[in-house]
Structure formats: C-alpha cells, structure tokens
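A.B. asks: This is the structure I have questions about; it appears just below.
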Amino acid sequence: MNPLPALHTDRLAPDHDDPHDARALFDVLVAQGLRDESPTRAQALAVLRTTDDDLLDLVAAAGRVRRHRFGRRVRLNYLVNLKSGLCPEDCTYCSQRLGSTAQVLKYSWLRTEDAVAAARAGIAGGARRVCLVASGRGPSERDVTRVTAMVDGIKSEHPDVEVCACLGLLRDGQAERLAAAGADAYNHNLNTSEATYADICTTHEYADRVETVERARGAGLSPCSGLIAGLGESDEDLVDVALALRALGADSVPVNFLVPFEGTPLAGTWDLTPQRCLRILAMLRFVCPAAELRLAAGREVHLRSLQPLALEIVSSIFLGDYLTSEGQAAQADLDLLADGGFVVEGADGDGRATALPDEHDTAIVVSGAGAPSSETGVTVRRRGPGTSVAPNA
C-alpha cells in the first residue's frame with residue numbers, strides 16, 4: 001500500500017495560489033524518485049506548470065533525488081567534432097543541416113591522431129567521458145573503421161576514460177563493431193516527442209532514432225539519448241519525450257537548449273527563460289531519477305546566472321565548447337563547480353580538476369560574415385578540432 005497522499009495535480013495551474021499543493025507534489029515526487037519510480041504524466045506536467053514562487057522548492061526537491069543517486073559528484077564530458085557541417089539531413093534546429101547558411105566550421109574527417117589529441121585536451125581538463133561526434137545521416141563501414149581506430153587510440157592512453165560515439169543512424173552490425181573496439185556508449189537523441197517530430201525533420205523519422213538507440217543498447221553500449229528544449233514544443237511534448245527516454249532505458253540523458261543559429265529555420269527563436277529551463281531539468285530528474293542527467297548545449301545563453309541552480313539537479317556537464325558553438329571558458333566551468341561544493345568525478349586531491357592554462361580559454365572574436373551576433377548571444381566555434389587554435393578545455 002502506498003502511504004503517500006492522493007494529489008490533485010489538476011489544481012496545480014500556473015496561477016495557483018496555494019503553496020501547499022506544490023509542496024505536496026514535490027514530496028510525492030521525491031518519494032517516488034528515491035524508489036526509482038516514474039511520475040505519472042499528470043505529475044510531470046504539473047512540474048512544468050509550477051510558478052516562480054515554487055521554483056526554489058522545486059530545485060531543492062529535484063536535488064534530493066540527485067543527491068540520493070550521485071551525491072555531490074559531477075562528471076565532466078568533452079565533445080570532439082570529428083566531421084563538421086555538410087550534413088544531408090534537414091533537422092531545423094541544426095547549424096550543420098542541409099541548406100544551412102550558418103557560418104560554422106565545415107571540414108571532413110579528422111585524422112586519427114588529431115582526434116586523439118583533441119580528446120587528450122579534454123581529459124587534461126578533467127573529462128571522464130569523451131564524445132566522438134560526426135555529422136551525417138549515419139556512418140559507412142569505412143567511417144566505423146575510422147572511429148574504431150580513434151577509440152583504440154584514446155583507450156590506449158586513457159583506459160579509464162569512457163568513449164561515447166555519436167555518428168547518426170546505425171545499421172546492422174555497426175554498434176557491435178564499436179563495442180568490440182572498446183566504445184562504452186552511443187549517443188542518439190530523440191530530441192522531441194514522436195507527435196511533433198515531423199515538424200523538425202523530414203529526411204528521417206522518430207522511429208529511426210528509437211531503432212538506433214535500441215541497436216546500441218542491444219550491442220551492450222550504454223544508451224545515451226536526450227532532447228532539445230526550445231523548439232516550440234508544448235509541455236506535453238516535453239513530458240512525452242521524457243517518458244519515452246525512460247522507456248528506452250537511456251542511462252545518460254543530455255538536455256540541450258536550442259542555440260538558434262542565424263541561417264537555420266529556427267533562427268531568432270528564443271522561447272526559453274532560465275526558470276523554464278530549471279523546470280524542464282527538474283521534470284527530467286523526476287522522470288529519470290537514476291539517469292546521468294547532463295547539462296548540454298545552450299546552458300550558458302539560456303540559464304545564464306542560474307547555472308549554479310541547475311547543477312543541483314543534473315549530475316553531468318559538457319566541459320568547454322560544443323560542436324559548432326562556443327561554451328564559456330573551461331576554467332569558469334571548474335570554478336562554478338568548486339563554488340557550488342561539487343566534486344569532479346575522477347579528480348585528484350580536493351576534487352577539483354585542473355584546466356589548461358588561461359590562454360587556451362580565450363574566446364576567438366570572429367569578424368566579417370561569420371561574426372557572432374551580439375543580439376542572439378550565439379558564438380560560432382572557431383577553436384579546437386578543425387582549427388589551428390587550442391581547444392577550450
């Protein structure tokens with residue numbers, strides 16, 4: 001028998017004026033999360049519809065579930081963009097999409113030694129997982145061979161560091177090849193709900209993404225799959241994709257916030273507030289209480305000064321830059337963690353990782369046609385893989 005009281009979640013409208021309703025909801029969600037039980041769809045929707053007056057209580061509740069599973073630990077992840085731009089898919093949110101005029105870096109496959117060197121920089125900055133990412137619909141057999149060589153190179157130097165591949169839609173046998181080479185995980189995000197997937201992409205289907213996550217899991221790779229918030233989705237879409245991720249068994253869930261590049265169909269789309277981002281993260285923590293919830297692209301421009309509160313909910317972040325946009329200085333990330341009393345997984349001594357010297361954290365100011373817009377806050381990546389400039393790690 002469940003000792004928790006019944007809760008009328010339909011009373012938790014955005015304009016409710018009884019704080020006890022919200023607190024009762026949070027108590028129920030915490031108790032369920034500690035038992036690794038999923039909230040109902042109505043409960044998850046109620047989280048997204050709480051008010052700003054309830055926000056700190058919501059973060060504290062989600063933080064209780066986070067600390068039960070992960071303590072104060074934070075895992076650092078590092079992206080290596082193996083092949084940038086030139087993608088034949090038409091995902092509306094992506095700066096690398098077919099037809100994109102975004103002034104992002106465009107290059108074909110990195111050499112194995114260059115990919116390993118890029119990974120080495122992230123690991124020196126404290127990363128415990130390296131994510132090898134390549135644009136495109138999916139890898140050819142030759143592409144898989146390239147990536148297995150990179151996995152081997154990274155693992156030879158750093159056997160304790162996890163390697164996650166993100167190469168698009170997988171075909172028969174490809175996940176098995178990656179696993180045999182030593183890859184630990186495979187990332188393929190669902191991005192949004194099945195009901196609205198066709199609104200953001202027409203060159204493949206939601207079912208194709210689900211199939212790839214299932215292929216990865218079936219091959220013994222850790223299934224890494226997440227979403228993008230800020231695409232114009234409804235509360236229902238966010239809850240549905242969160243529940244789908246739980247059903248798929250995703251044990252690593254990256255949460256991206258749309259970076260609306262000029263030159264893409266979603267340019268100028270700024271629908272998120274810092275408070276909305278925190279509610280989304282809290283809802284995901286309750287839906288996926290045991291998952292490594294990862295704060296990913298767009299956190300700097302959407303959460304802004306509320307990033308420290310997000311760290312009370314997530315247990316993982318990307319260090320440094322993203323695929324085609326720049327993140328904040330890596331040392332600033334490490335300082336953010338230290339100031340919050342978090343322990344970096346795998347770090348020596350007091351738990352703080354050591355970033356590369358300050359000159360590696362200097363943002364590159366792009367002039368001319370590729371200049372980042374001061375209005376949008378989107379800074380195109382001009383350092384790291386594919387450039388002659390040291391990475392931000």
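For the structure tokens, the naming scheme is as follows: chains receive sequential letters (A, B, ...) according to their order of presentation, residues are indexed from 1 within each chain, and ligands are indexed from 1 in presentation order.
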Assign secondary structure with DSSP using the backbone only, and return the residues of segment 120-285 of chain A in strand (DSSP E or B) as a PyMOL selection string.

C.D. replies: chain A and resi 129-134+162-166+185-187+191+222-224+227-229+252-257

A.B. asks: Check the DSSP output for the backbone and give back, as a VMD selection string, the residues of segment 13-241 of chain A in helix (DSSP H, G or I).

C.D. replies: chain A and resid 19 to 34 41 to 48 52 to 70 112 to 124 141 to 157 174 to 181 194 to 199 206 to 218 235 to 241

A.B. asks: Suppose you want the space between atom CA of Gly182 of chain A and atom CA of Leu248 of chain A; what is it in Å?

C.D. replies: 22.6 Å

A.B. asks: To one decimal place in Å, what is the distance between atom CA of Ala31 of chain A and atom CA of Phe342 of chain A?

C.D. replies: 23.7 Å

A.B. asks: Using only C-alpha atoms, can you tell me which of A:Ala185, A:Ala118, A:Leu56, A:Cys277 comes closest to Asn392 of chain A?

C.D. replies: A:Ala118

A.B. asks: With distances taken over only C-alpha atoms, which of A:Asn191, A:Thr379, A:Thr203, A:Ser222 is nearest to Asn256 of chain A?

C.D. replies: A:Asn191

A.B. asks: Write out as a VMD selection string each polymer residue whose atoms come within 12 Å of Ala127 of chain A, counting only C-alpha atoms; drop sequence neighbours fewer than 5 positions from it.

C.D. replies: chain A and resid 74 to 80 118 to 122 158 160 to 163 316 to 320 330 333 to 334 344 to 347 352 to 355 393

A.B. asks: What lies within 12 Å of Glu233 of chain A using only C-alpha atoms, ignoring chain neighbours under 5 positions off, as a list in words?

C.D. replies: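 Those residues are Asn191, Thr192, Ser193, Glu194, Ala195, Thr196, Tyr197, Asp199, Ile200, Leu227, Ile228, Leu238, Val239, Asp240, Val241, Phe257, Leu258, Thr269, Asp271, Leu272 and Ile280 of chain A.
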